[in-house]
>>> print(open('run37.cif').read())   # mmCIF, C-alpha atoms and all ligand atoms
data_work
loop_
_atom_site.group_PDB
_atom_site.id
_atom_site.type_symbol
_atom_site.label_atom_id
_atom_site.label_comp_id
_atom_site.auth_asym_id
_atom_site.auth_seq_id
_atom_site.Cartn_x
_atom_site.Cartn_y
_atom_site.Cartn_z
ATOM 1 C CA MET A 46 12.146 25.221 -5.776
ATOM 2 C CA ASP A 47 8.374 25.783 -5.512
ATOM 3 C CA LYS A 48 8.871 29.337 -6.648
ATOM 4 C CA ALA A 49 10.832 28.240 -9.732
ATOM 5 C CA ASN A 50 8.138 25.686 -10.511
ATOM 6 C CA LYS A 51 5.388 28.308 -10.290
ATOM 7 C CA GLN A 52 7.335 30.686 -12.519
ATOM 8 C CA ALA A 53 8.369 28.123 -15.131
ATOM 9 C CA PHE A 54 4.940 26.452 -15.199
ATOM 10 C CA GLY A 55 3.350 29.895 -15.520
ATOM 11 C CA PHE A 56 5.615 30.555 -18.485
ATOM 12 C CA TYR A 57 4.658 27.222 -20.039
ATOM 13 C CA VAL A 58 0.945 28.000 -19.693
ATOM 14 C CA GLN A 59 1.466 31.459 -21.142
ATOM 15 C CA GLU A 60 3.434 30.167 -24.160
ATOM 16 C CA TRP A 61 1.626 26.978 -25.082
ATOM 17 C CA ASN A 62 -0.402 25.111 -22.455
ATOM 18 C CA ASP A 63 -0.635 21.943 -24.557
ATOM 19 C CA GLU A 64 -2.084 19.160 -22.383
ATOM 20 C CA LYS A 65 0.082 16.334 -23.709
ATOM 21 C CA ILE A 66 3.384 18.178 -23.304
ATOM 22 C CA LYS A 67 2.260 19.448 -19.918
ATOM 23 C CA ILE A 68 1.909 15.874 -18.641
ATOM 24 C CA HIS A 69 5.164 14.841 -20.341
ATOM 25 C CA SER A 70 7.028 17.790 -18.813
ATOM 26 C CA GLU A 71 5.712 16.954 -15.339
ATOM 27 C CA CYS A 72 6.965 13.398 -15.781
ATOM 28 C CA VAL A 73 10.402 14.578 -16.984
ATOM 29 C CA ILE A 74 10.767 16.874 -13.971
ATOM 30 C CA ASP A 75 9.638 14.086 -11.658
ATOM 31 C CA ALA A 76 12.266 11.709 -13.099
ATOM 32 C CA CYS A 77 15.009 14.367 -12.846
ATOM 33 C CA LEU A 78 14.215 15.181 -9.233
ATOM 34 C CA ASN A 79 14.184 11.505 -8.316
ATOM 35 C CA MET A 80 17.599 11.024 -9.930
ATOM 36 C CA ALA A 81 18.943 14.166 -8.273
ATOM 37 C CA ASN A 82 17.636 13.186 -4.840
ATOM 38 C CA ASN A 83 20.350 13.262 -2.159
ATOM 39 C CA SER A 84 22.630 15.363 -4.344
ATOM 40 C CA ASN A 85 23.668 18.986 -4.278
ATOM 41 C CA LEU A 86 22.423 19.535 -7.823
ATOM 42 C CA LYS A 87 20.347 22.659 -8.292
ATOM 43 C CA LYS A 88 16.770 21.463 -8.701
ATOM 44 C CA GLU A 89 15.727 24.703 -10.396
ATOM 45 C CA VAL A 90 17.789 23.732 -13.454
ATOM 46 C CA PHE A 91 15.660 20.609 -14.006
ATOM 47 C CA ILE A 92 12.386 22.366 -13.259
ATOM 48 C CA ILE A 93 12.965 25.244 -15.659
ATOM 49 C CA ALA A 94 14.410 22.977 -18.372
ATOM 50 C CA GLY A 95 11.523 20.561 -17.869
ATOM 51 C CA TRP A 96 8.833 23.146 -18.543
ATOM 52 C CA ILE A 97 10.650 24.761 -21.462
ATOM 53 C CA HIS A 98 12.454 21.936 -23.322
ATOM 54 C CA ASP A 99 9.578 20.973 -25.621
ATOM 55 C CA ILE A 100 7.822 24.333 -26.157
ATOM 56 C CA GLY A 101 9.706 24.619 -29.477
ATOM 57 C CA ARG A 102 7.542 21.769 -30.755
ATOM 58 C CA LYS A 103 4.670 24.165 -31.221
ATOM 59 C CA ILE A 104 6.697 25.779 -34.037
ATOM 60 C CA ASP A 105 8.906 23.026 -35.490
ATOM 61 C CA LYS A 106 9.096 19.490 -34.124
ATOM 62 C CA ASP A 107 12.303 18.624 -36.011
ATOM 63 C CA ASN A 108 14.328 21.520 -34.581
ATOM 64 C CA HIS A 109 12.406 21.993 -31.369
ATOM 65 C CA GLN A 110 15.421 21.804 -29.081
ATOM 66 C CA ILE A 111 16.936 24.873 -30.781
ATOM 67 C CA ILE A 112 13.677 26.810 -30.798
ATOM 68 C CA SER A 113 13.085 25.950 -27.148
ATOM 69 C CA LEU A 114 16.347 27.766 -26.360
ATOM 70 C CA ASP A 115 14.718 30.962 -27.632
ATOM 71 C CA PHE A 116 11.886 30.356 -25.189
ATOM 72 C CA LEU A 117 14.482 29.965 -22.443
ATOM 73 C CA LYS A 118 15.908 33.364 -23.390
ATOM 74 C CA LYS A 119 12.432 34.851 -23.150
ATOM 75 C CA PHE A 120 11.874 33.219 -19.755
ATOM 76 C CA LEU A 121 15.175 34.621 -18.477
ATOM 77 C CA THR A 122 14.263 38.157 -19.527
ATOM 78 C CA GLN A 123 11.120 37.768 -17.418
ATOM 79 C CA HIS A 124 12.988 36.063 -14.553
ATOM 80 C CA PRO A 125 16.604 37.336 -14.621
ATOM 81 C CA GLU A 126 17.319 35.816 -11.211
ATOM 82 C CA TYR A 127 17.951 32.493 -13.021
ATOM 83 C CA GLU A 128 20.444 33.960 -15.528
ATOM 84 C CA GLU A 129 23.363 32.268 -13.691
ATOM 85 C CA LEU A 130 21.793 28.873 -14.475
ATOM 86 C CA LYS A 131 21.489 29.603 -18.188
ATOM 87 C CA ASP A 132 24.349 27.375 -19.412
ATOM 88 C CA LEU A 133 23.187 24.380 -17.373
ATOM 89 C CA ILE A 134 19.551 24.769 -18.448
ATOM 90 C CA SER A 135 20.700 25.240 -22.052
ATOM 91 C CA ASP A 136 22.647 21.965 -21.936
ATOM 92 C CA CYS A 137 19.491 20.183 -20.750
ATOM 93 C CA ILE A 138 17.307 21.714 -23.455
ATOM 94 C CA LEU A 139 19.680 21.624 -26.414
ATOM 95 C CA ASN A 140 20.976 18.102 -25.818
ATOM 96 C CA HIS A 141 17.929 16.197 -24.566
ATOM 97 C CA ARG A 142 17.303 14.326 -27.815
ATOM 98 C CA THR A 143 18.683 10.852 -28.469
ATOM 99 C CA ASN A 144 21.474 11.793 -30.858
ATOM 100 C CA GLU A 145 22.777 14.754 -28.876
ATOM 101 C CA VAL A 146 25.583 14.576 -26.330
ATOM 102 C CA PRO A 147 25.070 16.611 -23.149
ATOM 103 C CA THR A 148 28.224 18.074 -21.610
ATOM 104 C CA THR A 149 27.105 18.461 -17.986
ATOM 105 C CA LYS A 150 25.741 16.108 -15.357
ATOM 106 C CA TYR A 151 22.514 18.111 -15.528
ATOM 107 C CA GLY A 152 22.196 17.519 -19.246
ATOM 108 C CA GLN A 153 22.977 13.815 -18.871
ATOM 109 C CA ILE A 154 20.327 13.338 -16.202
ATOM 110 C CA PHE A 155 17.838 15.372 -18.207
ATOM 111 C CA GLN A 156 18.369 13.314 -21.359
ATOM 112 C CA LEU A 157 17.708 10.106 -19.417
ATOM 113 C CA ALA A 158 14.681 11.621 -17.694
ATOM 114 C CA ASP A 159 13.133 12.523 -21.057
ATOM 115 C CA LYS A 160 13.065 8.767 -21.788
ATOM 116 C CA VAL A 161 12.214 7.537 -18.266
ATOM 117 C CA ALA A 162 9.185 9.863 -18.386
ATOM 118 C CA LEU A 163 7.657 7.595 -21.042
ATOM 119 C CA LYS A 164 7.291 4.864 -18.387
ATOM 120 C CA ASN A 165 5.627 7.104 -15.804
ATOM 121 C CA ASP A 166 2.155 5.821 -14.826
ATOM 122 C CA LYS A 167 0.630 9.255 -15.252
ATOM 123 C CA TRP A 168 1.934 9.387 -18.825
ATOM 124 C CA LEU A 169 0.839 5.824 -19.618
ATOM 125 C CA GLU A 170 -2.652 6.537 -18.259
ATOM 126 C CA TYR A 171 -2.875 9.676 -20.377
ATOM 127 C CA LYS A 172 -1.823 7.762 -23.505
ATOM 128 C CA LYS A 173 -4.337 5.026 -22.738
ATOM 129 C CA SER A 174 -7.180 7.521 -22.301
ATOM 130 C CA LYS A 175 -6.341 9.131 -25.645
ATOM 131 C CA ASN A 176 -6.282 5.803 -27.490
ATOM 132 C CA LYS A 177 -9.816 4.850 -26.493
HETATM 133 FE FE FE A 201 10.640 15.863 -23.807
#
>>> encode(input="run37.cif", output="structure tokens")
Amino acid sequence: MDKANKQAFGFYVQEWNDEKIKIHSECVIDACLNMANNSNLKKEVFIIAGWIHDIGRKIDKDNHQIISLDFLKKFLTQHPEYEELKDLISDCILNHRTNEVPTTKYGQIFQLADKVALKNDKWLEYKKSKNK
């Protein structure tokens, strides 16, 4: 799990390293892992999806979930050991927005976490500091 986090965070930093999305992504992953606590769900799915799901925003906010999938493909060429998780991570990324319908438990948790993250204290503090 720590290894996946290092790799996916490293990829995030390499591709974008936007401060706001970095904090948001941390909060999404935190919410996912809390929801997946005491389950057999593969935590790596949430961690990788968390760091990659919004990178597409740097190119096109409106279609970012589709563009983020291309970043997932790039990540998987660099880290092929996660190839077997591709469909689950893709469901999280592609269907995280409000009007999409995730097909897996992973995608359903991820979609909720993307919203729960907006109530995370770390996120609220960041927003407050930016509004000063
Ligand atoms: Fe998000």
>>> resolve_selection(input="run37.cif", expression="the PyMOL selection byres (((not hetatm)) within 9 of (chain A and resi 201))", output="JSON list (two decimals) with C-alpha atoms, keeping the file's coordinate frame")
[["chain", "number", "residue", "atom", "x", "y", "z"],
["A", 66, "ILE", "CA", 3.38, 18.18, -23.30],
["A", 69, "HIS", "CA", 5.16, 14.84, -20.34],
["A", 70, "SER", "CA", 7.03, 17.79, -18.81],
["A", 73, "VAL", "CA", 10.40, 14.58, -16.98],
["A", 95, "GLY", "CA", 11.52, 20.56, -17.87],
["A", 98, "HIS", "CA", 12.45, 21.94, -23.32],
["A", 99, "ASP", "CA", 9.58, 20.97, -25.62],
["A", 138, "ILE", "CA", 17.31, 21.71, -23.46],
["A", 141, "HIS", "CA", 17.93, 16.20, -24.57],
["A", 142, "ARG", "CA", 17.30, 14.33, -27.82],
["A", 156, "GLN", "CA", 18.37, 13.31, -21.36],
["A", 158, "ALA", "CA", 14.68, 11.62, -17.69],
["A", 159, "ASP", "CA", 13.13, 12.52, -21.06],
["A", 160, "LYS", "CA", 13.06, 8.77, -21.79],
["A", 162, "ALA", "CA", 9.18, 9.86, -18.39]]
>>> closest_residue(input="run37.cif", among="A:Lys150, A:Lys119, A:Lys48, A:Arg102", to="Asp63 (chain A)", atoms="all atoms listed in the file")
A:Arg102
>>> resolve_selection(input="run37.cif", expression="the PyMOL selection byres (((chain A and resi 148) around 12) and not hetatm)", output="PyMOL selection string")
chain A and resi 132-141+145-147+149-156
>>> write_last_selection(input="run37.cif", atoms="C-alpha atoms", output="tab-separated table (two decimals), keeping the file's coordinate frame")
chain	number	residue	atom	x	y	z
A	132	ASP	CA	24.35	27.38	-19.41
A	133	LEU	CA	23.19	24.38	-17.37
A	134	ILE	CA	19.55	24.77	-18.45
A	135	SER	CA	20.70	25.24	-22.05
A	136	ASP	CA	22.65	21.96	-21.94
A	137	CYS	CA	19.49	20.18	-20.75
A	138	ILE	CA	17.31	21.71	-23.46
A	139	LEU	CA	19.68	21.62	-26.41
A	140	ASN	CA	20.98	18.10	-25.82
A	141	HIS	CA	17.93	16.20	-24.57
A	145	GLU	CA	22.78	14.75	-28.88
A	146	VAL	CA	25.58	14.58	-26.33
A	147	PRO	CA	25.07	16.61	-23.15
A	149	THR	CA	27.10	18.46	-17.99
A	150	LYS	CA	25.74	16.11	-15.36
A	151	TYR	CA	22.51	18.11	-15.53
A	152	GLY	CA	22.20	17.52	-19.25
A	153	GLN	CA	22.98	13.82	-18.87
A	154	ILE	CA	20.33	13.34	-16.20
A	155	PHE	CA	17.84	15.37	-18.21
A	156	GLN	CA	18.37	13.31	-21.36
>>> resolve_selection(input="run37.cif", expression="the PyMOL selection byres (((chain A and resi 49) around 12) and not hetatm)", output="count of residues only")
27
>>> atom_distance(input="run37.cif", atom1="CA of Asn82 (chain A)", atom2="CA of Ile97 (chain A)")
21.4 Å
>>> atom_distance(input="run37.cif", atom1="CA of Gln59 (chain A)", atom2="CA of His109 (chain A)")
17.7 Å
>>> residues_around(input="run37.cif", residues="region 167-172 of chain A", least_positions_apart="3", cutoff="10 Å", atoms="all atoms listed in the file", output="tab-separated table (two decimals) with C-alpha atoms, in the coordinates of the input")
chain	number	residue	atom	x	y	z
A	64	GLU	CA	-2.08	19.16	-22.38
A	65	LYS	CA	0.08	16.33	-23.71
A	66	ILE	CA	3.38	18.18	-23.30
A	68	ILE	CA	1.91	15.87	-18.64
A	69	HIS	CA	5.16	14.84	-20.34
A	70	SER	CA	7.03	17.79	-18.81
A	71	GLU	CA	5.71	16.95	-15.34
A	72	CYS	CA	6.96	13.40	-15.78
A	162	ALA	CA	9.18	9.86	-18.39
A	163	LEU	CA	7.66	7.60	-21.04
A	164	LYS	CA	7.29	4.86	-18.39
A	175	LYS	CA	-6.34	9.13	-25.64
A	176	ASN	CA	-6.28	5.80	-27.49
A	177	LYS	CA	-9.82	4.85	-26.49
